[in-house]
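Text of work.cif (mmCIF, C-alpha atoms) as supplied:
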data_entry
loop_
_atom_site.label_atom_id
_atom_site.label_comp_id
_atom_site.auth_asym_id
_atom_site.auth_seq_id
_atom_site.Cartn_x
_atom_site.Cartn_y
_atom_site.Cartn_z
CA MET Y 23 -11.66 -25.77 9.62
CA LEU Y 24 -8.94 -23.76 7.97
CA GLU Y 25 -7.12 -23.25 11.26
CA LEU Y 26 -7.24 -26.99 11.89
CA MET Y 27 -5.62 -27.71 8.54
CA ILE Y 28 -2.96 -25.06 9.09
CA LEU Y 29 -2.23 -26.49 12.55
CA LEU Y 30 -1.92 -30.00 11.09
CA ILE Y 31 0.50 -28.81 8.44
CA CYS Y 32 2.58 -26.95 11.04
CA VAL Y 33 2.85 -30.19 13.02
CA CYS Y 34 4.02 -31.91 9.83
CA ILE Y 35 6.68 -29.21 9.31
CA LEU Y 36 7.94 -29.76 12.87
CA VAL Y 37 8.03 -33.53 12.50
CA SER Y 38 9.91 -33.48 9.21
CA ALA Y 39 12.37 -30.90 10.51
CA LEU Y 40 13.05 -33.09 13.57
CA LEU Y 41 13.58 -36.05 11.23
CA ALA Y 42 16.02 -34.01 9.16
CA VAL Y 43 18.12 -33.35 12.26
CA LEU Y 44 17.94 -36.74 13.94
CA LEU Y 45 18.28 -39.24 11.09
CA ASN Y 46 21.57 -40.99 10.50
CA ASN Y 47 21.16 -41.74 6.82
CA LEU Y 48 22.23 -38.50 5.11
CA LEU Y 49 20.16 -39.05 1.98
CA ALA Y 50 16.95 -39.45 4.01
CA ALA Y 51 17.85 -36.33 6.02
CA ILE Y 52 18.20 -34.24 2.87
CA VAL Y 53 14.88 -35.48 1.55
CA SER Y 54 13.26 -34.63 4.90
CA GLY Y 55 14.53 -31.08 4.57
CA GLY Y 56 12.92 -30.85 1.16
CA LEU Y 57 9.72 -32.24 2.65
CA ALA Y 58 9.67 -29.47 5.28
CA SER Y 59 9.93 -26.90 2.46
CA LEU Y 60 7.04 -28.56 0.66
CA PHE Y 61 4.78 -28.42 3.70
CA ALA Y 62 5.72 -24.78 4.25
CA SER Y 63 4.72 -24.05 0.64
CA ILE Y 64 1.32 -25.72 1.21
CA SER Y 65 0.75 -23.64 4.33
CA PHE Y 66 1.57 -20.47 2.39
CA LEU Y 67 -1.11 -21.47 -0.11
CA LEU Y 68 -3.64 -21.95 2.69
CA LEU Y 69 -2.79 -18.49 4.04
CA ALA Y 70 -3.73 -16.99 0.62
CA ALA Y 71 -0.25 -16.12 -0.69
CA PRO Y 72 0.15 -17.93 -4.04
CA ASP Y 73 3.27 -16.01 -5.15
CA VAL Y 74 5.25 -17.03 -2.10
CA ALA Y 75 3.97 -20.62 -2.39
CA MET Y 76 5.22 -20.85 -5.99
CA THR Y 77 8.62 -19.45 -5.11
CA GLU Y 78 9.04 -21.67 -2.05
CA ALA Y 79 8.02 -24.82 -3.91
CA ALA Y 80 10.40 -24.16 -6.81
CA ILE Y 81 13.39 -23.00 -4.80
CA GLY Y 82 13.03 -24.69 -1.43
CA SER Y 83 12.04 -28.20 -2.34
CA GLY Y 84 13.48 -28.16 -5.82
CA LEU Y 85 16.76 -26.36 -6.16
CA ALA Y 86 17.90 -26.50 -2.55
CA THR Y 87 17.50 -30.28 -2.28
CA PHE Y 88 19.27 -30.66 -5.61
CA ILE Y 89 22.23 -28.53 -4.49
CA PHE Y 90 22.45 -30.44 -1.21
CA LEU Y 91 22.61 -33.73 -3.11
CA TYR Y 92 25.36 -32.44 -5.37
CA ALA Y 93 27.30 -31.20 -2.36
CA LEU Y 94 26.87 -34.63 -0.76
CA ARG Y 95 28.30 -36.26 -3.86
CA LYS Y 96 31.30 -33.96 -3.82
CA THR Y 97 32.26 -35.01 -0.28
CA GLY Y 98 32.87 -38.53 -1.45
CA TYR Y 99 29.94 -40.05 0.46
CA TRP Y 100 29.02 -42.44 -2.33
CA GLU Y 101 32.57 -43.55 -2.95
CA ASN Y 102 33.30 -44.61 0.61
CA ARG Y 103 30.03 -46.36 1.22
CA GLU Y 104 30.85 -49.92 0.27
CA MET Z 1244 27.07 -33.50 27.01
CA MET Z 1245 27.51 -29.78 27.64
CA GLN Z 1246 26.70 -29.11 24.01
CA ARG Z 1247 23.40 -30.92 24.28
CA VAL Z 1248 22.36 -29.02 27.40
CA LEU Z 1249 23.24 -25.70 25.78
CA SER Z 1250 21.30 -26.51 22.61
CA VAL Z 1251 18.23 -27.58 24.60
CA ILE Z 1252 18.41 -24.31 26.57
CA VAL Z 1253 18.64 -22.27 23.37
CA ILE Z 1254 15.69 -24.10 21.84
CA GLY Z 1255 13.68 -23.53 25.01
CA LEU Z 1256 14.42 -19.79 24.93
CA LEU Z 1257 13.45 -19.62 21.26
CA ALA Z 1258 10.21 -21.43 22.06
CA VAL Z 1259 9.41 -18.86 24.76
CA VAL Z 1260 10.07 -15.98 22.37
CA PHE Z 1261 7.91 -17.49 19.63
CA THR Z 1262 5.05 -18.27 22.00
CA ARG Z 1263 4.95 -14.67 23.13
CA ILE Z 1264 4.95 -13.40 19.58
CA VAL Z 1265 2.30 -15.83 18.41
CA GLY Z 1266 0.17 -15.33 21.53
CA ALA Z 1267 0.00 -11.60 20.93
CA TYR Z 1268 -1.45 -12.17 17.46
CA VAL Z 1269 -4.82 -10.57 17.06
CA GLN Z 1270 -6.79 -10.91 13.87
CA LEU Z 1271 -7.29 -7.45 12.40
CA ASP Z 1272 -10.60 -6.87 10.68
CA ALA Z 1273 -9.39 -3.92 8.62
CA LEU Z 1274 -6.08 -3.27 6.97
CA ARG Z 1275 -3.61 -0.87 8.50
CA PRO Z 1276 -3.45 2.55 6.78
CA LEU Z 1277 -0.24 1.86 4.87
CA ALA Z 1278 -1.50 -1.48 3.55
CA ALA Z 1279 -4.88 0.06 2.69
CA SER Z 1280 -3.17 2.80 0.73
CA TYR Z 1281 -1.08 0.24 -1.18
CA VAL Z 1282 -4.13 -1.88 -1.99
CA THR Z 1283 -6.18 1.04 -3.29
CA LEU Z 1284 -3.40 2.93 -5.05
CA SER Z 1285 -2.08 -0.07 -6.92
CA PRO Z 1286 -4.96 -0.58 -9.37
CA GLU Z 1287 -5.53 3.15 -9.76
CA SER Z 1288 -2.19 4.76 -10.19
CA LEU Z 1289 -0.07 1.83 -11.32
CA THR Z 1290 -2.91 0.00 -13.18
CA THR Z 1291 -1.81 -3.42 -12.03
CA PRO Z 1292 -4.33 -5.66 -10.30
CA ASN Z 1293 -1.54 -7.73 -8.75
CA VAL Z 1294 -0.77 -5.73 -5.63
CA ILE Z 1295 2.24 -7.86 -4.71
CA THR Z 1296 4.09 -7.13 -7.94
CA GLY Z 1297 3.31 -3.45 -7.51
CA ILE Z 1298 4.75 -3.45 -4.01
CA LEU Z 1299 7.82 -5.48 -4.96
CA ILE Z 1300 8.75 -3.43 -7.97
CA THR Z 1301 7.55 0.09 -7.26
CA TYR Z 1302 6.71 0.87 -3.68
CA ARG Z 1303 9.58 -1.13 -2.22
CA GLY Z 1304 11.82 -1.09 -5.26
CA LEU Z 1305 15.01 -0.55 -3.30
CA ASP Z 1306 14.50 -3.85 -1.50
CA THR Z 1307 14.29 -5.59 -4.87
CA LEU Z 1308 17.54 -3.92 -5.87
CA GLY Z 1309 19.11 -5.28 -2.68
CA GLU Z 1310 17.83 -8.78 -3.47
CA VAL Z 1311 19.27 -8.60 -6.97
CA ALA Z 1312 22.62 -7.54 -5.51
CA VAL Z 1313 22.56 -10.39 -2.95
CA LEU Z 1314 21.82 -12.96 -5.66
CA PHE Z 1315 24.69 -11.69 -7.75
CA MET Z 1316 27.01 -11.81 -4.75
CA VAL Z 1317 26.02 -15.41 -4.00
CA ALA Z 1318 26.61 -16.50 -7.60
CA ALA Z 1319 29.99 -14.77 -7.71
CA SER Z 1320 31.19 -16.26 -4.43
CA LEU Z 1321 30.06 -19.75 -5.48
CA GLY Z 1322 31.98 -19.34 -8.70
CA LEU Z 1323 35.05 -18.44 -6.67
CA LEU Z 1324 34.68 -21.32 -4.19
CA LEU Z 1325 33.99 -24.06 -6.71
CA LYS Z 1326 36.69 -23.26 -9.21
CA PRO Z 1327 38.50 -26.51 -10.09
CA LEU Z 1328 42.04 -26.37 -8.75
CA GLU Z 1329 44.91 -27.65 -10.79
CA GLY Z 1330 46.33 -30.91 -9.58
CA GLN Z 1331 43.16 -32.23 -8.01
CA PRO Z 1332 42.53 -35.90 -8.82
CA LYS Z 1333 39.51 -36.53 -10.98
CA PRO Z 1334 36.90 -38.91 -9.55
CA PRO Z 1335 37.04 -42.54 -10.72
CA LYS Z 1336 35.42 -43.39 -14.01
CA ALA Z 1337 32.53 -45.30 -12.48
CA PHE Z 1338 31.11 -42.24 -10.78
CA GLN Z 1339 31.29 -40.04 -13.81
CA ARG Z 1340 28.95 -42.30 -15.73
CA SER Z 1341 25.64 -41.44 -14.15
CA ASP Z 1342 23.50 -41.80 -17.23
CA PRO Z 1343 19.88 -42.31 -16.22
CA GLY Z 1344 18.79 -44.10 -19.38
CA GLU Z 1345 16.73 -43.65 -22.47
CA ILE Z 1346 13.29 -43.18 -20.90
CA VAL Z 1347 14.41 -40.13 -18.94
CA HIS Z 1348 16.16 -38.79 -22.04
CA SER Z 1349 12.99 -39.02 -24.13
CA GLY Z 1350 10.91 -37.61 -21.32
CA LYS Z 1351 13.27 -34.68 -21.03
CA GLN Z 1352 12.75 -33.91 -24.72
CA VAL Z 1353 9.01 -33.60 -24.07
CA MET Z 1354 9.09 -31.84 -20.73
CA PHE Z 1355 11.87 -29.29 -21.14
CA PRO Z 1356 10.05 -27.03 -23.67
CA MET Z 1357 6.88 -27.29 -21.56
CA ILE Z 1358 8.70 -26.13 -18.44
CA LEU Z 1359 10.41 -23.27 -20.27
CA THR Z 1360 7.10 -22.14 -21.77
CA PHE Z 1361 5.45 -22.24 -18.37
CA GLY Z 1362 8.28 -20.23 -16.85
CA ALA Z 1363 8.01 -17.61 -19.59
CA TYR Z 1364 4.24 -17.47 -19.05
CA VAL Z 1365 4.67 -16.87 -15.32
CA ILE Z 1366 7.26 -14.13 -15.96
CA VAL Z 1367 5.26 -12.30 -18.59
CA ASN Z 1368 1.96 -12.40 -16.69
CA GLY Z 1369 3.52 -10.99 -13.55
CA HIS Z 1370 1.44 -7.85 -13.51
CA LEU Z 1371 -1.89 -9.57 -14.15
CA SER Z 1372 -2.10 -12.59 -11.89
CA ALA Z 1373 0.10 -14.40 -9.41
CA GLY Z 1374 3.67 -14.67 -10.58
CA GLY Z 1375 6.39 -12.25 -11.41
CA GLY Z 1376 10.06 -12.20 -12.06
CA PHE Z 1377 11.45 -14.34 -9.24
CA GLN Z 1378 8.93 -17.13 -9.56
CA GLY Z 1379 9.37 -17.45 -13.32
CA GLY Z 1380 13.15 -17.38 -13.00
CA ALA Z 1381 13.07 -20.21 -10.45
CA ILE Z 1382 10.88 -22.30 -12.77
CA VAL Z 1383 13.26 -21.75 -15.70
CA ALA Z 1384 16.18 -22.81 -13.50
CA ALA Z 1385 14.25 -25.96 -12.54
CA GLY Z 1386 13.88 -26.76 -16.25
CA VAL Z 1387 17.63 -26.39 -16.75
CA MET Z 1388 18.11 -28.69 -13.77
CA LEU Z 1389 16.06 -31.35 -15.55
CA LEU Z 1390 18.26 -30.95 -18.61
CA LEU Z 1391 21.40 -31.44 -16.54
CA ILE Z 1392 20.07 -34.58 -14.87
CA ALA Z 1393 18.77 -36.29 -17.98
CA THR Z 1394 21.84 -35.80 -20.19
CA PRO Z 1395 24.88 -35.38 -17.94
CA GLU Z 1396 27.17 -34.61 -20.85
CA THR Z 1397 25.50 -31.35 -21.83
CA ARG Z 1398 27.76 -28.40 -21.47
CA LEU Z 1399 26.10 -25.12 -20.69
CA ASN Z 1400 27.64 -22.03 -22.17
CA THR Z 1401 28.30 -20.37 -18.83
CA THR Z 1402 30.07 -17.41 -20.41
CA LEU Z 1403 27.00 -16.51 -22.42
CA LEU Z 1404 24.74 -16.99 -19.42
CA SER Z 1405 26.94 -14.77 -17.26
CA ILE Z 1406 26.93 -12.07 -19.94
CA VAL Z 1407 23.13 -12.31 -20.20
CA GLU Z 1408 22.77 -12.07 -16.44
CA SER Z 1409 25.02 -9.04 -16.11
CA THR Z 1410 23.32 -7.28 -19.01
CA ALA Z 1411 19.92 -7.88 -17.43
CA GLY Z 1412 21.17 -6.43 -14.15
CA ILE Z 1413 22.58 -3.34 -15.86
CA LEU Z 1414 19.33 -2.80 -17.79
CA PHE Z 1415 17.37 -3.13 -14.53
CA VAL Z 1416 19.37 -0.33 -12.89
CA LEU Z 1417 19.10 1.76 -16.09
CA LEU Z 1418 15.30 1.44 -16.02
CA GLY Z 1419 15.38 2.58 -12.42
CA ILE Z 1420 17.43 5.63 -13.32
CA LEU Z 1421 15.01 6.35 -16.18
CA GLY Z 1422 12.33 6.35 -13.53
CA ILE Z 1423 14.19 9.07 -11.64
CA VAL Z 1424 14.65 11.16 -14.79
CA LEU Z 1425 11.22 10.79 -16.37
CA ALA Z 1426 8.84 10.00 -13.47
CA GLY Z 1427 8.56 10.15 -9.72
CA GLY Z 1428 11.49 8.24 -8.22
CA PHE Z 1429 13.73 5.20 -8.49
CA LEU Z 1430 12.03 2.32 -10.36
CA ASP Z 1431 8.85 4.32 -10.89
CA PRO Z 1432 7.16 2.61 -13.82
CA ARG Z 1433 4.89 5.44 -14.86
CA PHE Z 1434 7.05 6.76 -17.65
CA LEU Z 1435 5.59 4.23 -20.10
CA PRO Z 1436 1.88 4.60 -20.94
CA ALA Z 1437 -0.43 2.80 -18.59
CA GLY Z 1438 -3.13 0.98 -20.54
CA GLU Z 1439 -6.44 -0.17 -19.16
CA LEU Z 1440 -6.60 -2.30 -16.05
CA GLY Z 1441 -6.14 -5.98 -16.82
CA GLY Z 1442 -4.91 -5.58 -20.35
CA PHE Z 1443 -1.79 -7.28 -21.49
CA ILE Z 1444 0.10 -4.09 -22.29
CA SER Z 1445 -0.53 -2.10 -19.16
CA ALA Z 1446 1.03 -1.00 -15.91
CA GLY Z 1447 3.76 1.13 -17.42
CA ALA Z 1448 7.23 -0.36 -17.27
CA ILE Z 1449 6.35 -3.15 -14.80
CA PRO Z 1450 6.30 -5.95 -17.43
CA LEU Z 1451 9.75 -4.85 -18.65
CA ILE Z 1452 11.20 -4.80 -15.16
CA SER Z 1453 9.56 -8.14 -14.37
CA ALA Z 1454 10.97 -9.71 -17.53
CA LEU Z 1455 14.47 -8.45 -16.73
CA LEU Z 1456 14.24 -9.84 -13.20
CA GLY Z 1457 13.09 -13.20 -14.53
CA ILE Z 1458 15.94 -13.43 -17.06
CA LYS Z 1459 18.48 -12.45 -14.44
CA VAL Z 1460 17.30 -14.94 -11.83
CA GLY Z 1461 16.96 -17.78 -14.34
CA ALA Z 1462 20.42 -17.32 -15.81
CA GLU Z 1463 21.98 -16.91 -12.37
CA LEU Z 1464 20.48 -20.05 -10.87
CA SER Z 1465 21.42 -22.04 -13.97
CA VAL Z 1466 25.05 -20.95 -13.63
CA VAL Z 1467 24.99 -21.82 -9.91
CA ILE Z 1468 23.69 -25.33 -10.63
CA ASP Z 1469 26.20 -25.87 -13.39
CA LYS Z 1470 29.10 -24.97 -11.12
CA PHE Z 1471 28.30 -27.88 -8.85
CA ARG Z 1472 28.89 -30.52 -11.51
CA THR Z 1473 32.26 -32.14 -11.51
CA MET Q 71 -26.75 -32.45 -10.82
CA SER Q 72 -23.35 -31.73 -12.26
CA GLU Q 73 -22.15 -30.94 -8.75
CA LEU Q 74 -23.12 -34.45 -7.66
CA ILE Q 75 -21.15 -36.06 -10.49
CA GLY Q 76 -18.17 -33.81 -9.79
CA SER Q 77 -18.26 -34.72 -6.11
CA LEU Q 78 -18.38 -38.43 -6.97
CA PHE Q 79 -15.27 -38.08 -9.13
CA ILE Q 80 -13.42 -36.18 -6.41
CA PHE Q 81 -14.43 -38.79 -3.85
CA SER Q 82 -13.16 -41.68 -5.97
CA GLY Q 83 -9.94 -39.78 -6.58
CA SER Q 84 -9.45 -39.39 -2.86
CA VAL Q 85 -10.06 -43.15 -2.38
CA PHE Q 86 -7.22 -43.82 -4.83
CA LEU Q 87 -4.93 -41.38 -3.03
CA PHE Q 88 -5.74 -42.97 0.31
CA SER Q 89 -4.90 -46.40 -1.08
CA ALA Q 90 -1.57 -44.98 -2.29
CA GLY Q 91 -0.77 -43.94 1.25
CA LEU Q 92 -1.87 -47.31 2.60
CA GLY Q 93 0.33 -49.09 0.06
CA LEU Q 94 3.32 -47.00 1.09
CA LEU Q 95 2.92 -48.26 4.62
CA ARG Q 96 2.21 -51.92 3.95
CA MET Q 97 4.47 -52.90 1.10
CA PRO Q 98 7.58 -54.92 2.02
CA ASP Q 99 10.16 -53.38 -0.24
CA ALA Q 100 11.32 -50.10 -1.81
CA PHE Q 101 10.46 -51.11 -5.38
CA THR Q 102 6.91 -52.23 -4.62
CA ARG Q 103 6.39 -49.02 -2.68
CA ILE Q 104 7.49 -46.96 -5.67
CA GLN Q 105 5.10 -48.89 -7.89
CA THR Q 106 2.03 -48.39 -5.70
CA GLY Q 107 2.91 -44.78 -5.09
CA THR Q 108 3.15 -43.90 -8.75
CA LYS Q 109 0.14 -45.73 -10.12
CA ALA Q 110 -2.31 -44.78 -7.42
CA THR Q 111 -1.30 -41.14 -7.12
CA THR Q 112 -1.41 -40.53 -10.87
CA MET Q 113 -4.90 -42.05 -11.10
CA GLY Q 114 -6.11 -40.21 -8.01
CA ALA Q 115 -4.81 -36.84 -9.20
CA THR Q 116 -6.43 -37.38 -12.62
CA LEU Q 117 -9.83 -38.21 -11.11
CA VAL Q 118 -9.70 -35.20 -8.78
CA MET Q 119 -8.90 -32.91 -11.71
CA ILE Q 120 -11.75 -34.37 -13.79
CA GLY Q 121 -14.15 -33.82 -10.91
CA LEU Q 122 -12.94 -30.23 -10.58
CA ALA Q 123 -13.44 -29.72 -14.33
CA ILE Q 124 -17.07 -30.77 -13.95
CA TYR Q 125 -17.49 -28.24 -11.15
CA HIS Q 126 -15.94 -25.32 -13.06
CA PRO Q 127 -16.40 -25.86 -16.80
CA ASP Q 128 -14.40 -22.79 -17.78
CA TRP Q 129 -11.18 -24.19 -16.32
CA ILE Q 130 -11.21 -27.28 -18.55
CA PHE Q 131 -8.29 -26.33 -20.79
CA LYS Q 132 -5.88 -25.57 -17.96
CA LEU Q 133 -6.90 -28.68 -16.05
CA LEU Q 134 -6.33 -30.83 -19.13
CA LEU Q 135 -2.83 -29.37 -19.44
CA ILE Q 136 -2.13 -30.20 -15.81
CA ILE Q 137 -3.39 -33.78 -16.27
CA TYR Q 138 -1.15 -34.17 -19.32
CA PHE Q 139 1.85 -32.87 -17.40
CA VAL Q 140 1.19 -35.23 -14.48
CA TYR Q 141 0.94 -38.18 -16.89
CA VAL Q 142 4.24 -37.29 -18.53
CA SER Q 143 6.27 -36.51 -15.44
CA ASN Q 144 5.11 -38.90 -12.73
CA PRO Q 145 6.04 -42.26 -14.38
CA ILE Q 146 9.38 -40.94 -15.63
CA SER Q 147 10.45 -39.76 -12.22
CA SER Q 148 9.51 -43.03 -10.55
CA HIS Q 149 11.36 -44.94 -13.26
CA ALA Q 150 14.47 -42.88 -12.60
CA LEU Q 151 14.16 -43.52 -8.84
CA ALA Q 152 13.67 -47.26 -9.24
CA ARG Q 153 16.54 -47.61 -11.69
CA SER Q 154 18.99 -45.77 -9.50
CA GLY Q 155 17.77 -47.79 -6.52
CA HIS Q 156 18.51 -51.00 -8.38
CA ARG Q 157 21.94 -49.72 -9.35
CA LEU Q 158 22.82 -48.93 -5.76
CA GLY Q 159 21.80 -52.41 -4.67
CA THR Q 160 18.79 -51.57 -2.52
CA PRO Q 161 17.64 -54.70 -0.66
CA MET Q 162 14.87 -56.42 -2.53
CA ALA Q 163 12.01 -58.58 -1.26
CA PRO Q 164 12.58 -62.31 -1.91
CA GLY Q 165 11.66 -63.30 -5.46
CA PRO Q 166 13.22 -63.46 -8.90
CA ASP Q 167 15.24 -60.42 -10.00
CA ALA Q 168 14.46 -59.93 -13.68
CA LEU Q 169 17.21 -57.38 -14.23
CA ALA Q 170 19.93 -59.57 -12.81
CA GLU Q 171 21.31 -60.77 -16.14
CA ILE Q 172 21.40 -57.26 -17.57
CA ASP Q 173 23.42 -56.44 -14.53
CA THR Q 174 23.95 -52.72 -14.39
CA ARG Q 175 25.74 -52.88 -11.10
CA SER Q 176 29.29 -52.77 -12.38
CA ASP Q 177 30.49 -51.11 -15.50
CA ALA Q 178 32.84 -52.36 -18.15
CA ALA Q 179 36.02 -51.81 -16.18
CA GLY Q 180 34.71 -53.92 -13.31
CA ASP Q 181 34.47 -51.06 -10.84
CA LYS Q 182 31.60 -51.44 -8.42
CA LEU Q 183 29.05 -48.66 -8.80
#
Kindly transcribe the structure held in the file into structure tokens.
Amino acid sequence: MLELMILLICVCILVSALLAVLLNNLLAAIVSGGLASLFASISFLLLAAPDVAMTEAAIGSGLATFIFLYALRKTGYWENRE
Amino acid sequence: MMQRVLSVIVIGLLAVVFTRIVGAYVQLDALRPLAASYVTLSPESLTTPNVITGILITYRGLDTLGEVAVLFMVAASLGLLLKPLEGQPKPPKAFQRSDPGEIVHSGKQVMFPMILTFGAYVIVNGHLSAGGGFQGGAIVAAGVMLLLIATPETRLNTTLLSIVESTAGILFVLLGILGIVLAGGFLDPRFLPAGELGGFISAGAIPLISALLGIKVGAELSVVIDKFRT
Amino acid sequence: MSELIGSLFIFSGSVFLFSAGLGLLRMPDAFTRIQTGTKATTMGATLVMIGLAIYHPDWIFKLLLIIYFVYVSNPISSHALARSGHRLGTPMAPGPDALAEIDTRSDAAGDKL
């Protein structure tokens, strides 16, 4: 049962990572990267490592996505859109 | 075209490598001798029931020192790269006004103290249950991130935060050297009295080291986030 | 007996969470999706926590704190998302736009946001 859940979450990590590479809309790609971090944090929790899960959730899907969005804003993506 | 073929070949080779590693995985039913010694020695000699904090701070303390140095290097190089040059045109006025509104402002006033308190709780209880310095520092930085989103005109005192971060780093190395002088080796926390197992004041100098790590990581990540604002 | 009540609460919470996922798939527009997502997930998370509190009565204080935090943070974040979506001009399903006269899409100087 536990292995089935871990396998399902690994498939979700792969799918969201593929989406992050293949999407054209940059905002959706950044959010997909954050989603992959979130699924990795859940799988750490299932493998009985709560410290690593906390760190990965705070840094991977919090701060990293935030910094990516700020970097996207600095390239002038939102200015040249319309 | 050539690029695509090459990338598919590289991904295929990586898949082969990972399948061999994962296929050779065998579930052990007893811990290896080194891990068993860490798990039994940690509650006895360090009096901390959280084995992970004991390993991170004492048994592999040099790795933590390396991580602290890498974080400092990253923050310093980001400060160098994102310094505003003279003569660069400022962005148009419309994009500077990114005020999210009154609801988020009021919500920030409720949530920011809660997040800071939770981060401090995770830092201080590092030696008792899951948590520790890095986790609490990341949570504090997430709280500062909320502050920067909700009121974009706040100005963080980055000089004070940099001074706090450097002082915490220096105190961390000083505690390590105190470990060499007074106890077994670098970052050995046994020079402060070890209370009973599970008490709040216990495990020697581990709460102090954990608190210093948390302050350093929190201040550092806050400075890094602040550098990205225009 | 208390385990049965706790399991019923957890089951109803999971029904709410499933309906949140279903709404995310079936709704026509970004704003309606945000609305279903927020309401259903907040309610579902609350019911699951209450069911867990019935299972383990000594965790009640921490679970109440978590429920309070979810109630404070979930609506605010969806409000921020919806408001920025409206500012960017996300395509809306056909119907009256109630925010159109308080048009936040261009600021005082007339620059398009």
Using the chain letters and numbers from the file, give me the residues hit by the PyMOL selection byres ((chain Y) within 12 of (chain Z)), as an NGL selection string. :Y and (67 or 70-102)
In Å, rounded to a single decimal, give me how far atom CA of Leu135 of chain Q is from atom CA of Phe88 of chain Q.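 The value is 24.2 Å.
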Separation of atom CA of Ser1409 of chain Z and atom CA of Leu1451 of chain Z, in Å?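 Distance reported for this atom pair: 16.0 Å.
Once the PyMOL selection byres ((chain Z) within 7 of (chain Q)) is applied to the depicted file, the selected set reads Ala1337, Pro1343, Ile1346, Val1347 and Gly1350 of chain Z.
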As a PDB file with C-alpha atoms, in the frame of the given file, please: the residues near segment 1417-1431 of chain Z (cut-off 9 Å, all atoms listed in the file, same-chain neighbours under 6 positions excluded).
ATOM      1  CA  ILE Z1300       8.750  -3.430  -7.970  1.00  0.00           C
ATOM      2  CA  THR Z1301       7.550   0.090  -7.260  1.00  0.00           C
ATOM      3  CA  TYR Z1302       6.710   0.870  -3.680  1.00  0.00           C
ATOM      4  CA  GLY Z1304      11.820  -1.090  -5.260  1.00  0.00           C
ATOM      5  CA  LEU Z1305      15.010  -0.550  -3.300  1.00  0.00           C
ATOM      6  CA  GLY Z1447       3.760   1.130 -17.420  1.00  0.00           C
ATOM      7  CA  ALA Z1448       7.230  -0.360 -17.270  1.00  0.00           C
ATOM      8  CA  ILE Z1449       6.350  -3.150 -14.800  1.00  0.00           C
ATOM      9  CA  LEU Z1451       9.750  -4.850 -18.650  1.00  0.00           C
ATOM     10  CA  ILE Z1452      11.200  -4.800 -15.160  1.00  0.00           C
TER      11      ILE Z1452
END
